[in-house]
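Data file: model36.txt. Format and content: compact mmCIF, C-alpha atoms.
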```txt
# COMPACT_ATOMS: atom_id res chain seq x y z
CA MET J 202 3.20 26.47 -8.60
CA ASP J 203 5.90 24.59 -6.73
CA ASP J 204 6.82 22.01 -9.37
CA LEU J 205 8.62 18.89 -8.12
CA ARG J 206 9.13 17.41 -11.57
CA THR J 207 12.53 16.22 -12.79
CA ALA J 208 13.44 13.98 -15.70
CA ARG J 209 13.37 11.10 -13.21
CA THR J 210 9.88 11.85 -11.96
CA THR J 211 8.11 12.81 -15.19
CA VAL J 212 5.11 10.58 -15.79
CA HIS J 213 5.36 9.17 -19.33
CA ARG J 214 2.50 6.73 -19.38
CA VAL J 215 -0.87 8.54 -19.55
CA PRO J 216 0.80 11.94 -19.06
CA ALA J 217 -2.56 13.55 -18.28
CA ARG J 218 -2.52 11.60 -14.98
CA GLY J 219 0.81 13.11 -13.96
CA VAL J 220 0.76 15.62 -11.11
CA TYR J 221 3.77 17.56 -9.89
CA ASP J 222 2.59 20.38 -7.69
CA ARG J 223 3.51 20.26 -4.07
CA ALA J 224 0.03 20.72 -2.64
CA ALA J 225 -1.33 17.72 -4.54
CA ILE J 226 1.63 15.52 -3.65
CA ASP J 227 1.47 16.59 -0.01
CA ALA J 228 -2.22 15.74 0.11
CA ILE J 229 -1.55 12.20 -1.12
CA LEU J 230 1.26 11.67 1.38
CA ASP J 231 -1.12 12.83 4.11
CA ALA J 232 -3.95 10.59 2.90
CA ALA J 233 -2.05 7.28 3.03
CA PRO J 234 -1.72 5.36 6.33
CA VAL J 235 1.63 3.86 5.31
CA CYS J 236 4.10 4.23 2.48
CA HIS J 237 6.40 1.75 0.76
CA VAL J 238 10.09 2.52 0.86
CA GLY J 239 12.57 1.18 -1.67
CA VAL J 240 16.32 0.88 -1.26
CA VAL J 241 18.99 -0.98 -3.23
CA VAL J 242 21.34 -3.48 -1.61
CA ASP J 243 23.89 -5.23 -3.85
CA GLY J 244 21.84 -4.33 -6.92
CA GLN J 245 18.68 -5.87 -5.50
CA PRO J 246 15.71 -3.59 -4.78
CA TYR J 247 13.93 -4.07 -1.45
CA VAL J 248 10.51 -2.58 -0.80
CA MET J 249 9.21 -2.39 2.75
CA PRO J 250 6.14 -0.77 4.32
CA ALA J 251 6.84 2.07 6.75
CA ILE J 252 4.77 4.46 8.81
CA HIS J 253 5.40 8.03 7.78
CA ALA J 254 4.34 11.60 8.26
CA ARG J 255 4.85 14.73 6.26
CA VAL J 256 6.33 17.64 8.15
CA GLY J 257 6.37 20.65 5.86
CA ASP J 258 8.59 19.73 2.93
CA GLU J 259 10.01 16.65 4.64
CA LEU J 260 8.80 13.08 4.69
CA VAL J 261 9.75 11.49 8.02
CA LEU J 262 9.90 7.74 8.63
CA HIS J 263 10.59 5.80 11.77
CA GLY J 264 11.68 2.27 12.44
CA SER J 265 13.80 0.11 14.63
CA SER J 266 17.46 1.14 14.84
CA ALA J 267 18.24 -2.54 14.31
CA SER J 268 16.29 -2.85 11.07
CA ARG J 269 18.23 -3.34 7.86
CA LEU J 270 16.00 -0.88 6.04
CA PHE J 271 16.72 1.91 8.51
CA ARG J 272 20.41 1.13 8.74
CA HIS J 273 20.48 1.43 4.99
CA LEU J 274 18.41 4.63 4.86
CA ARG J 275 20.62 6.19 7.54
CA SER J 276 23.69 5.54 5.41
CA GLY J 277 22.48 8.06 2.84
CA ALA J 278 21.73 5.64 0.03
CA PRO J 279 19.24 6.62 -2.72
CA ALA J 280 15.69 5.89 -1.64
CA CYS J 281 12.16 6.03 -3.01
CA ALA J 282 9.05 6.39 -0.88
CA THR J 283 5.69 5.76 -2.50
CA ALA J 284 2.29 6.38 -0.91
CA THR J 285 -0.79 4.99 -2.59
CA VAL J 286 -4.48 5.37 -1.84
CA VAL J 287 -6.90 3.07 -3.64
CA ASP J 288 -10.15 4.98 -4.08
CA GLY J 289 -12.30 2.64 -6.09
CA LEU J 290 -12.80 -0.03 -8.69
CA VAL J 291 -13.48 1.24 -12.19
CA LEU J 292 -15.80 -1.17 -13.95
CA ALA J 293 -15.53 -0.43 -17.63
CA ARG J 294 -17.38 -2.36 -20.32
CA SER J 295 -14.10 -3.79 -21.64
CA ALA J 296 -11.35 -5.61 -19.78
CA PHE J 297 -8.85 -3.16 -21.27
CA HIS J 298 -10.42 -0.03 -19.79
CA SER J 299 -11.17 -1.63 -16.43
CA SER J 300 -9.05 0.10 -13.84
CA MET J 301 -8.84 1.48 -10.35
CA ASN J 302 -9.26 5.01 -9.12
CA TYR J 303 -6.21 5.81 -7.05
CA ARG J 304 -3.77 8.47 -5.93
CA SER J 305 -0.10 7.62 -5.73
CA ALA J 306 2.84 9.87 -4.86
CA VAL J 307 6.45 8.89 -5.53
CA VAL J 308 9.25 10.71 -3.71
CA LEU J 309 12.89 10.23 -4.76
CA GLY J 310 15.69 11.31 -2.49
CA VAL J 311 18.31 10.55 0.04
CA ALA J 312 17.38 10.04 3.67
CA ARG J 313 19.24 11.76 6.45
CA GLU J 314 19.01 10.68 10.04
CA VAL J 315 17.14 12.90 12.48
CA ALA J 316 19.36 12.24 15.47
CA GLN J 317 18.94 15.22 17.76
CA ARG J 318 16.47 14.81 20.58
CA ALA J 319 14.07 17.71 19.94
CA PRO J 320 13.53 17.23 16.17
CA LYS J 321 13.45 13.47 16.67
CA LEU J 322 10.66 13.77 19.22
CA ALA J 323 8.85 16.22 16.94
CA ALA J 324 9.06 13.73 14.07
CA LEU J 325 7.77 10.89 16.26
CA GLU J 326 4.90 13.10 17.38
CA ALA J 327 4.10 13.93 13.74
CA ILE J 328 4.09 10.24 12.84
CA SER J 329 1.85 9.41 15.81
CA GLU J 330 -0.53 12.24 14.93
CA HIS J 331 -0.59 11.15 11.31
CA VAL J 332 -1.65 7.66 12.36
CA LEU J 333 -4.10 8.77 15.04
CA PRO J 334 -4.61 12.46 15.77
CA GLY J 335 -5.00 13.09 19.48
CA ARG J 336 -3.13 10.05 20.73
CA TRP J 337 0.32 11.54 21.33
CA THR J 338 -0.57 13.57 24.42
CA ASP J 339 -2.14 10.52 26.10
CA VAL J 340 0.72 8.03 25.82
CA ARG J 341 3.89 7.76 27.87
CA PRO J 342 6.58 9.56 25.86
CA PRO J 343 9.69 7.66 24.74
CA SER J 344 12.46 7.12 27.26
CA ASP J 345 16.07 7.76 26.29
CA ALA J 346 16.61 4.04 25.74
CA GLU J 347 13.49 3.84 23.57
CA LEU J 348 14.67 6.85 21.56
CA ARG J 349 18.00 5.13 20.96
CA ALA J 350 16.19 1.99 19.82
CA THR J 351 14.24 4.05 17.28
CA THR J 352 15.69 5.54 14.13
CA VAL J 353 14.04 8.52 12.47
CA VAL J 354 15.02 9.55 8.98
CA SER J 355 13.84 12.39 6.82
CA ILE J 356 13.64 12.71 3.04
CA ARG J 357 13.19 16.14 1.45
CA VAL J 358 10.17 16.19 -0.84
CA ASP J 359 11.79 18.08 -3.67
CA GLU J 360 11.83 15.48 -6.44
CA ALA J 361 8.46 13.84 -6.71
CA SER J 362 5.48 13.06 -8.86
CA ALA J 363 2.02 11.72 -8.43
CA LYS J 364 -0.39 9.81 -10.56
CA VAL J 365 -4.10 10.18 -10.04
CA ARG J 366 -7.08 8.52 -11.66
CA THR J 367 -10.57 9.70 -10.75
CA GLY J 368 -14.01 9.52 -12.22
CA PRO J 369 -16.11 7.09 -14.23
CA PRO J 370 -14.85 4.52 -16.74
CA ALA J 371 -13.50 5.81 -20.05
CA ASP J 372 -14.92 3.29 -22.48
CA ASP J 373 -14.48 3.22 -26.21
CA ASP J 374 -17.54 4.67 -27.94
CA ALA J 375 -18.09 1.37 -29.71
CA ASP J 376 -18.52 -0.38 -26.35
CA LEU J 377 -21.18 1.91 -24.91
CA GLU J 378 -23.99 -0.17 -26.35
CA LEU J 379 -22.76 -3.41 -24.78
CA PRO J 380 -25.24 -4.84 -22.26
CA VAL J 381 -22.74 -4.50 -19.41
CA TRP J 382 -23.17 -2.42 -16.25
CA ALA J 383 -20.39 0.13 -15.93
CA GLY J 384 -19.47 2.50 -13.17
CA VAL J 385 -17.34 2.87 -10.08
CA VAL J 386 -17.36 0.97 -6.79
CA PRO J 387 -15.79 3.41 -4.28
CA LEU J 388 -13.52 1.90 -1.63
CA GLU J 389 -12.86 3.34 1.80
CA LEU J 390 -10.69 2.35 4.70
CA VAL J 391 -13.02 2.29 7.68
CA ALA J 392 -12.30 1.99 11.41
CA GLN J 393 -14.22 -0.69 13.26
CA PRO J 394 -15.30 -0.59 16.93
CA PRO J 395 -12.29 -0.43 19.26
CA GLU J 396 -11.26 -3.61 21.08
CA PRO J 397 -9.92 -2.98 24.60
CA ASP J 398 -6.68 -4.70 25.61
CA PRO J 399 -7.66 -8.03 27.22
CA GLY J 400 -4.58 -7.63 29.44
CA ARG J 401 -5.81 -4.36 31.00
CA VAL J 402 -5.68 -3.91 34.76
CA ARG J 403 -7.70 -0.67 34.73
CA ASP J 404 -10.94 0.16 32.96
CA GLU J 405 -10.34 3.42 31.17
CA PRO J 406 -13.01 5.04 28.98
CA VAL J 407 -12.51 4.69 25.25
CA PRO J 408 -11.18 8.03 24.02
CA PRO J 409 -13.17 9.72 21.23
CA TYR J 410 -10.23 9.43 18.80
CA ALA J 411 -10.34 5.63 19.17
CA ARG J 412 -14.10 5.44 18.67
CA ARG J 413 -14.08 7.63 15.58
CA PRO J 414 -10.47 8.13 14.50
CA PRO J 415 -10.03 11.55 12.84
CA ALA J 416 -7.20 10.29 10.63
CA ALA J 417 -6.96 11.66 7.09
CA TYR J 418 -6.78 8.18 5.56
CA LEU J 419 -10.05 6.92 7.08
CA GLY J 420 -13.57 7.18 5.79
CA ARG J 421 -16.11 8.79 8.08
CA ARG J 422 -18.81 6.17 8.45
CA MET E 152 6.55 -26.73 5.06
CA ASP E 153 7.52 -25.01 1.85
CA ASP E 154 10.08 -22.52 3.19
CA LEU E 155 10.79 -19.50 1.01
CA ARG E 156 13.49 -18.09 3.25
CA THR E 157 16.93 -17.14 1.95
CA ALA E 158 19.63 -15.01 3.53
CA ARG E 159 18.12 -12.08 1.64
CA THR E 160 14.62 -12.61 2.96
CA THR E 161 15.31 -13.52 6.57
CA VAL E 162 13.54 -11.13 8.94
CA HIS E 163 16.10 -9.81 11.43
CA ARG E 164 14.08 -7.23 13.28
CA VAL E 165 11.54 -8.88 15.62
CA PRO E 166 12.32 -12.35 14.22
CA ALA E 167 9.15 -13.74 15.82
CA ARG E 168 7.17 -11.75 13.27
CA GLY E 169 8.95 -13.41 10.36
CA VAL E 170 6.94 -15.86 8.29
CA TYR E 171 8.32 -17.95 5.46
CA ASP E 172 5.84 -20.64 4.61
CA ARG E 173 4.19 -20.48 1.24
CA ALA E 174 0.60 -20.73 2.43
CA ALA E 175 0.98 -17.70 4.69
CA ILE E 176 2.76 -15.66 2.03
CA ASP E 177 0.21 -16.66 -0.61
CA ALA E 178 -2.63 -15.59 1.68
CA ILE E 179 -1.12 -12.12 2.10
CA LEU E 180 -0.58 -11.70 -1.63
CA ASP E 181 -4.23 -12.68 -2.14
CA ALA E 182 -5.46 -10.30 0.57
CA ALA E 183 -3.92 -7.10 -0.83
CA PRO E 184 -5.70 -5.14 -3.59
CA VAL E 185 -2.42 -3.85 -5.02
CA CYS E 186 1.27 -4.41 -4.45
CA HIS E 187 4.27 -2.09 -4.69
CA VAL E 188 6.97 -3.07 -7.15
CA GLY E 189 10.57 -1.92 -6.85
CA VAL E 190 13.17 -1.81 -9.60
CA VAL E 191 16.57 -0.14 -9.88
CA VAL E 192 17.45 2.27 -12.69
CA ASP E 193 20.93 3.82 -12.66
CA GLY E 194 21.31 2.97 -8.99
CA GLN E 195 18.07 4.72 -8.04
CA PRO E 196 15.23 2.61 -6.62
CA TYR E 197 11.75 3.25 -8.02
CA VAL E 198 8.65 1.96 -6.25
CA MET E 199 5.34 1.92 -8.12
CA PRO E 200 1.92 0.51 -7.29
CA ALA E 201 0.71 -2.31 -9.53
CA ILE E 202 -2.32 -4.53 -9.72
CA HIS E 203 -1.38 -8.15 -9.27
CA ALA E 204 -2.69 -11.65 -8.87
CA ARG E 205 -1.18 -14.84 -7.61
CA VAL E 206 -1.45 -17.81 -9.93
CA GLY E 207 -0.11 -20.85 -8.16
CA ASP E 208 3.55 -20.11 -7.39
CA GLU E 209 3.67 -17.08 -9.67
CA LEU E 210 2.91 -13.44 -9.01
CA VAL E 211 1.57 -11.85 -12.20
CA LEU E 212 1.50 -8.12 -12.84
CA HIS E 213 0.11 -6.15 -15.72
CA GLY E 214 0.68 -2.68 -16.99
CA SER E 215 0.99 -0.59 -20.08
CA SER E 216 3.56 -1.81 -22.59
CA ALA E 217 4.73 1.82 -22.77
CA SER E 218 5.38 2.17 -19.03
CA ARG E 219 8.95 2.48 -17.86
CA LEU E 220 8.29 0.10 -14.98
CA PHE E 221 7.07 -2.66 -17.27
CA ARG E 222 9.78 -2.07 -19.88
CA HIS E 223 12.24 -2.46 -17.04
CA LEU E 224 10.58 -5.54 -15.54
CA ARG E 225 10.43 -7.17 -18.99
CA SER E 226 14.18 -6.73 -19.36
CA GLY E 227 14.77 -9.23 -16.56
CA ALA E 228 16.18 -6.84 -13.98
CA PRO E 229 16.01 -7.72 -10.26
CA ALA E 230 12.65 -6.79 -8.80
CA CYS E 231 10.87 -6.75 -5.47
CA ALA E 232 7.10 -6.91 -5.07
CA THR E 233 5.63 -6.13 -1.67
CA ALA E 234 1.99 -6.54 -0.67
CA THR E 235 0.80 -5.00 2.58
CA VAL E 236 -2.50 -5.17 4.40
CA VAL E 237 -3.04 -2.77 7.31
CA ASP E 238 -5.35 -4.53 9.79
CA GLY E 239 -5.56 -2.09 12.66
CA LEU E 240 -4.09 0.56 14.91
CA VAL E 241 -2.41 -0.75 18.06
CA LEU E 242 -2.91 1.76 20.85
CA ALA E 243 -0.34 0.94 23.50
CA ARG E 244 0.10 2.93 26.69
CA SER E 245 3.52 4.13 25.54
CA ALA E 246 4.50 5.83 22.30
CA PHE E 247 7.22 3.22 21.87
CA HIS E 248 4.91 0.20 21.82
CA SER E 249 2.24 1.91 19.73
CA SER E 250 2.08 0.11 16.41
CA MET E 251 -0.09 -1.22 13.64
CA ASN E 252 -1.39 -4.68 13.05
CA TYR E 253 -0.45 -5.61 9.52
CA ARG E 254 0.51 -8.37 7.15
CA SER E 255 3.22 -7.74 4.59
CA ALA E 256 4.77 -10.11 2.06
CA VAL E 257 8.00 -9.34 0.21
CA VAL E 258 8.85 -11.29 -2.96
CA LEU E 259 12.30 -11.03 -4.53
CA GLY E 260 12.88 -12.20 -8.05
CA VAL E 261 13.29 -11.56 -11.69
CA ALA E 262 10.27 -10.94 -13.87
CA ARG E 263 9.77 -12.69 -17.16
CA GLU E 264 7.33 -11.52 -19.76
CA VAL E 265 4.21 -13.57 -20.37
CA ALA E 266 3.99 -12.98 -24.08
CA GLN E 267 2.02 -15.88 -25.50
CA ARG E 268 -1.64 -15.27 -26.05
CA ALA E 269 -3.21 -18.04 -23.96
CA PRO E 270 -1.16 -17.62 -20.75
CA LYS E 271 -1.33 -13.84 -21.15
CA LEU E 272 -5.12 -13.94 -21.27
CA ALA E 273 -5.16 -16.34 -18.32
CA ALA E 274 -3.01 -13.92 -16.31
CA LEU E 275 -5.24 -10.98 -17.19
CA GLU E 276 -8.27 -13.00 -16.15
CA ALA E 277 -6.58 -13.86 -12.85
CA ILE E 278 -5.78 -10.19 -12.22
CA SER E 279 -9.35 -9.18 -13.05
CA GLU E 280 -10.75 -11.89 -10.80
CA HIS E 281 -8.39 -10.88 -8.00
CA VAL E 282 -9.69 -7.31 -8.18
CA LEU E 283 -13.34 -8.21 -8.62
CA PRO E 284 -14.41 -11.86 -8.77
CA GLY E 285 -17.15 -12.37 -11.31
CA ARG E 286 -16.36 -9.43 -13.56
CA TRP E 287 -14.21 -11.09 -16.22
CA THR E 288 -17.01 -13.01 -17.94
CA ASP E 289 -19.11 -9.84 -18.27
CA VAL E 290 -16.62 -7.52 -19.97
CA ARG E 291 -15.53 -7.38 -23.58
CA PRO E 292 -12.29 -9.37 -23.76
CA PRO E 293 -9.10 -7.66 -24.96
CA SER E 294 -8.61 -7.21 -28.69
CA ASP E 295 -5.28 -8.08 -30.27
CA ALA E 296 -4.30 -4.40 -30.28
CA GLU E 297 -5.24 -4.09 -26.60
CA LEU E 298 -3.23 -7.20 -25.79
CA ARG E 299 -0.21 -5.68 -27.53
CA ALA E 300 -0.66 -2.47 -25.54
CA THR E 301 -0.61 -4.48 -22.30
CA THR E 302 2.46 -6.12 -20.81
CA VAL E 303 2.11 -9.03 -18.42
CA VAL E 304 5.05 -10.20 -16.37
CA SER E 305 5.41 -13.01 -13.91
CA ILE E 306 7.69 -13.40 -10.90
CA ARG E 307 8.18 -16.83 -9.34
CA VAL E 308 7.38 -16.74 -5.63
CA ASP E 309 10.35 -18.79 -4.48
CA GLU E 310 12.31 -16.25 -2.45
CA ALA E 311 10.02 -14.43 -0.09
CA SER E 312 9.20 -13.52 3.45
CA ALA E 313 6.36 -11.99 5.35
CA LYS E 314 6.01 -9.97 8.50
CA VAL E 315 2.83 -10.15 10.51
CA ARG E 316 1.71 -8.36 13.64
CA THR E 317 -1.57 -9.34 15.24
CA GLY E 318 -3.23 -8.98 18.59
CA PRO E 319 -3.39 -6.48 21.42
CA PRO E 320 -0.68 -4.03 22.47
CA ALA E 321 2.42 -5.46 24.14
CA ASP E 322 3.05 -2.90 26.85
CA ASP E 323 5.81 -2.93 29.42
CA ASP E 324 4.52 -4.25 32.74
CA ALA E 325 5.42 -0.95 34.38
CA ASP E 326 3.03 0.88 32.04
CA LEU E 327 -0.06 -1.22 32.73
CA GLU E 328 -1.14 0.98 35.63
CA LEU E 329 -1.05 4.16 33.54
CA PRO E 330 -4.48 5.79 33.20
CA VAL E 331 -4.44 5.36 29.43
CA TRP E 332 -6.94 3.39 27.33
CA ALA E 333 -5.18 0.68 25.35
CA GLY E 334 -6.39 -1.69 22.69
CA VAL E 335 -6.81 -2.11 18.97
CA VAL E 336 -8.84 -0.17 16.42
CA PRO E 337 -9.41 -2.62 13.56
CA LEU E 338 -9.33 -1.20 10.04
CA GLU E 339 -11.12 -2.60 7.04
CA LEU E 340 -11.29 -1.66 3.40
CA VAL E 341 -14.99 -1.42 2.62
CA ALA E 342 -16.86 -1.10 -0.68
CA GLN E 343 -19.36 1.73 -0.89
CA PRO E 344 -22.55 1.76 -2.99
CA PRO E 345 -21.77 1.49 -6.70
CA GLU E 346 -22.00 4.65 -8.83
CA PRO E 347 -23.30 4.02 -12.36
CA ASP E 348 -21.39 5.59 -15.25
CA PRO E 349 -23.02 8.98 -15.92
CA GLY E 350 -22.14 8.47 -19.59
CA ARG E 351 -24.25 5.32 -19.91
CA VAL E 352 -26.59 4.94 -22.84
CA ARG E 353 -28.29 1.81 -21.46
CA ASP E 354 -29.67 1.12 -18.02
CA GLU E 355 -28.23 -2.20 -16.98
CA PRO E 356 -28.93 -3.73 -13.55
CA VAL E 357 -26.10 -3.47 -11.03
CA PRO E 358 -24.48 -6.91 -10.90
CA PRO E 359 -24.28 -8.55 -7.45
CA TYR E 360 -20.46 -8.46 -7.50
CA ALA E 361 -20.58 -4.66 -7.79
CA ARG E 362 -23.09 -4.26 -4.99
CA ARG E 363 -21.21 -6.52 -2.60
CA PRO E 364 -17.79 -7.26 -4.11
CA PRO E 365 -16.57 -10.73 -3.04
CA ALA E 366 -12.92 -9.65 -3.21
CA ALA E 367 -10.51 -11.11 -0.63
CA TYR E 368 -9.20 -7.67 0.34
CA LEU E 369 -12.61 -6.21 1.27
CA GLY E 370 -14.45 -6.28 4.56
CA ARG E 371 -17.97 -7.66 4.55
CA ARG E 372 -20.10 -4.88 5.98
```
Show me this structure written as structure tokens.
Amino acid sequence: MDDLRTARTTVHRVPARGVYDRAAIDAILDAAPVCHVGVVVDGQPYVMPAIHARVGDELVLHGSSASRLFRHLRSGAPACATATVVDGLVLARSAFHSSMNYRSAVVLGVAREVAQRAPKLAALEAISEHVLPGRWTDVRPPSDAELRATTVVSIRVDEASAKVRTGPPADDDADLELPVWAGVVPLELVAQPPEPDPGRVRDEPVPPYARRPPAAYLGRR
Amino acid sequence: MDDLRTARTTVHRVPARGVYDRAAIDAILDAAPVCHVGVVVDGQPYVMPAIHARVGDELVLHGSSASRLFRHLRSGAPACATATVVDGLVLARSAFHSSMNYRSAVVLGVAREVAQRAPKLAALEAISEHVLPGRWTDVRPPSDAELRATTVVSIRVDEASAKVRTGPPADDDADLELPVWAGVVPLELVAQPPEPDPGRVRDEPVPPYARRPPAAYLGRR
């Protein structure tokens, strides 16, 4: 097993929920539409949402070249990227055991800029395909000026951990007789019917990937 | 307008998306099921998901008293809590203008522990009611030992900002004639049918709040 645990990523609280193997962590990174990226500026942590993709053992992120977050990431400062999927509400019979089912992956590392044209385009394609598989080949590709206005960074996924909670509530035995319904309410992110651009000058058919997006983070209803 | 902007929270990138008034920031905090909390340990940022609630001008968070995150928050170190709602995929005609519609609120501050019994219980009730309105009065309340095992912290929401993107794609004029469908695919977090605890020893009716959770972060389908 490819174990991504270090002292910094070992889960101490509820150790049984700690997960360190690469396949499980990769699956969580793939299953989240966005991640939250933390950096430190003058001792103050900042946490910002970012759109990501996993490319092999790398987590790639893109943003505006003018953004403070990406200027900071580019500089090689320590970073943390966390992807979380909320899977359900766990309704236990006690307040204490009430919880959520979730999957969360935490990646520690240092970002490096992906500056060269070919790998940068490949990373942008991976991010686009993560968000909406099938879309990349339909859109106008980035111009040179647009590429310059976009920063892509990459963080190696080699120090990471995940926490996962699944399944029904775990009530104390003494609470099982309480007259309280207990169970799980599953939650799913679901795509709604597509809304065409009101500013359109052509009537193009809605592509299948917009009607029923095949993205890993979406439910299939 | 109650303006929560400081130099540290001013949105530089796409300033038109920056939002600083308390009502807008409060609404985003209320509309997210979880937030992501950042702290710094030995210069390394750590970002962890946490269940939160807003109580007036305070953001309250709860976690295990044994967790490193909450031990660190309790110590009064600088923190950042970010709540993000992904509202849709923005399918522009170019890769560059492809985006997401989202609302994200960033709160900077220092956490203080809510240690006294009455405000601690009130915060736990607020968190429970944020996750699932109606549930708190049905569950067994926390025992003294459970209260000790739980840490509640509070961060004043007085230095914050939000970024919001809404509406259709904003394509370059030159791209409007491209034969590419453009528009928005709205996304919604949706509750699925409740799953009773397989370990139940009583058959209790499913409460209405579990069948159709009235939580602010859920779609109503």
Original post:
Between CA of Gly169 in chain E and CA of Leu322 in chain J, what is the distance, to one decimal in Å?
Top reply: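 Taking CA of Gly169 in chain E as the start and CA of Leu322 in chain J as the end point, the length is 28.6 Å.
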Could you work out an axis-aligned box for range 235-248 of chain J, taking every atom the file lists and adding 5 Å on each side, and report centre and edge lengths in Å to one decimal, as lines of an AutoDock Vina configuration file?
```
center_x = 12.8
center_y = -0.8
center_z = -0.8
size_x = 32.3
size_y = 20.1
size_z = 22.2
```
Subject >> Shell around range 277-281 of chain E at 6 Å using all atoms listed in the file, local window under 2 positions removed, as a count of residues only >> reply: 6
Original post:
Which residue, E:Ala273, E:Val211, E:Leu338, E:Met251, has the smallest gap to chain J when you use only C-alpha atoms?
Top reply: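 Comparing E:Ala273, E:Val211, E:Leu338, E:Met251 against chain J, the winner is E:Leu338.
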Original post:
Using only C-alpha atoms, which residue out of E:Gln267, E:Ile176, E:Glu276, E:Arg307 lies closest to Pro292 in chain E?
Top reply: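 So, comparing all the options, the nearest one is E:Glu276.
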**OP:** Between CA of Asp203 in chain J and CA of Arg223 in chain J, measure the distance and give it in Å to one decimal.
**Re:** 5.6 Å
Original post:
Which one of E:Leu242, E:Val290, E:Val352, E:Ala256 sits closest to Trp332 in chain E if you count all atoms listed in the file?
Top reply: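 The closest residue to Trp332 in chain E is E:Leu242.
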Subject >> CA of Arg205 in chain E to CA of Ile229 in chain J, distance in Å rounded to a single decimal >> reply: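 Atom-to-atom, CA of Arg205 in chain E to CA of Ile229 in chain J, that is 27.8 Å.
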Original post:
From the list E:Val315, E:Ala228, E:Leu369, E:Val206, which residue is nearest Val191 in chain E when using all atoms listed in the file?
Top reply: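 With all atoms listed in the file as the atom set, the closest residue is E:Ala228.
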**OP:** For range 316-321 of chain E, work out the shell of residues within 9 Å, counting all atoms listed in the file and skipping chain neighbours fewer than 3 positions away, then give it as JSON, numbers by chain.
**Re:** {"J": [396, 397, 398, 399, 400], "E": [168, 238, 239, 241, 242, 243, 244, 248, 249, 250, 251, 252, 253, 254, 324, 333, 334, 335]}
Subject >> Which of E:Ala366, E:Val282, E:Ala311, E:Ile306 sits closest to chain J [using all atoms listed in the file] >> reply: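 Going through E:Ala366, E:Val282, E:Ala311, E:Ile306 one by one, the smallest distance to chain J is for E:Val282.
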Original post:
Quick one: of J:Val238, J:Ala284, J:Ala233, J:Ala267, who's nearest to Lys364 in chain J, counting all atoms listed in the file?
Top reply: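 Nearest to Lys364 in chain J: J:Ala284.
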**OP:** Just the residues within 9 Å of Val315 in chain J, please, counting only C-alpha atoms, with nothing from its chain fewer than 6 positions along; format it as a list in words.
**Re:**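 Listed by chain and then number, they are Val261, Lys321, Ala324, Thr352, Val353, Val354 and Ser355 of chain J.
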Protein, DNA and RNA residues within 12 Å of (27.3, -2.7, 0.3), all atoms listed in the file, as a CSV table (one decimal) with C-alpha atoms, in the frame of the given file:
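File written: part_3.csv
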```csv
chain,number,residue,atom,x,y,z
J,240,VAL,CA,16.3,0.9,-1.3
J,241,VAL,CA,19.0,-1.0,-3.2
J,242,VAL,CA,21.3,-3.5,-1.6
J,243,ASP,CA,23.9,-5.2,-3.8
J,244,GLY,CA,21.8,-4.3,-6.9
J,245,GLN,CA,18.7,-5.9,-5.5
J,269,ARG,CA,18.2,-3.3,7.9
J,272,ARG,CA,20.4,1.1,8.7
J,273,HIS,CA,20.5,1.4,5.0
J,276,SER,CA,23.7,5.5,5.4
J,278,ALA,CA,21.7,5.6,0.0
```
**OP:** Write out as a PyMOL selection string the residues lying within 10 Å of Glu360 in chain J, counting all atoms listed in the file and excluding same-chain residues fewer than 4 positions away.
**Re:** chain J and resi 204-211+221+223+307-310
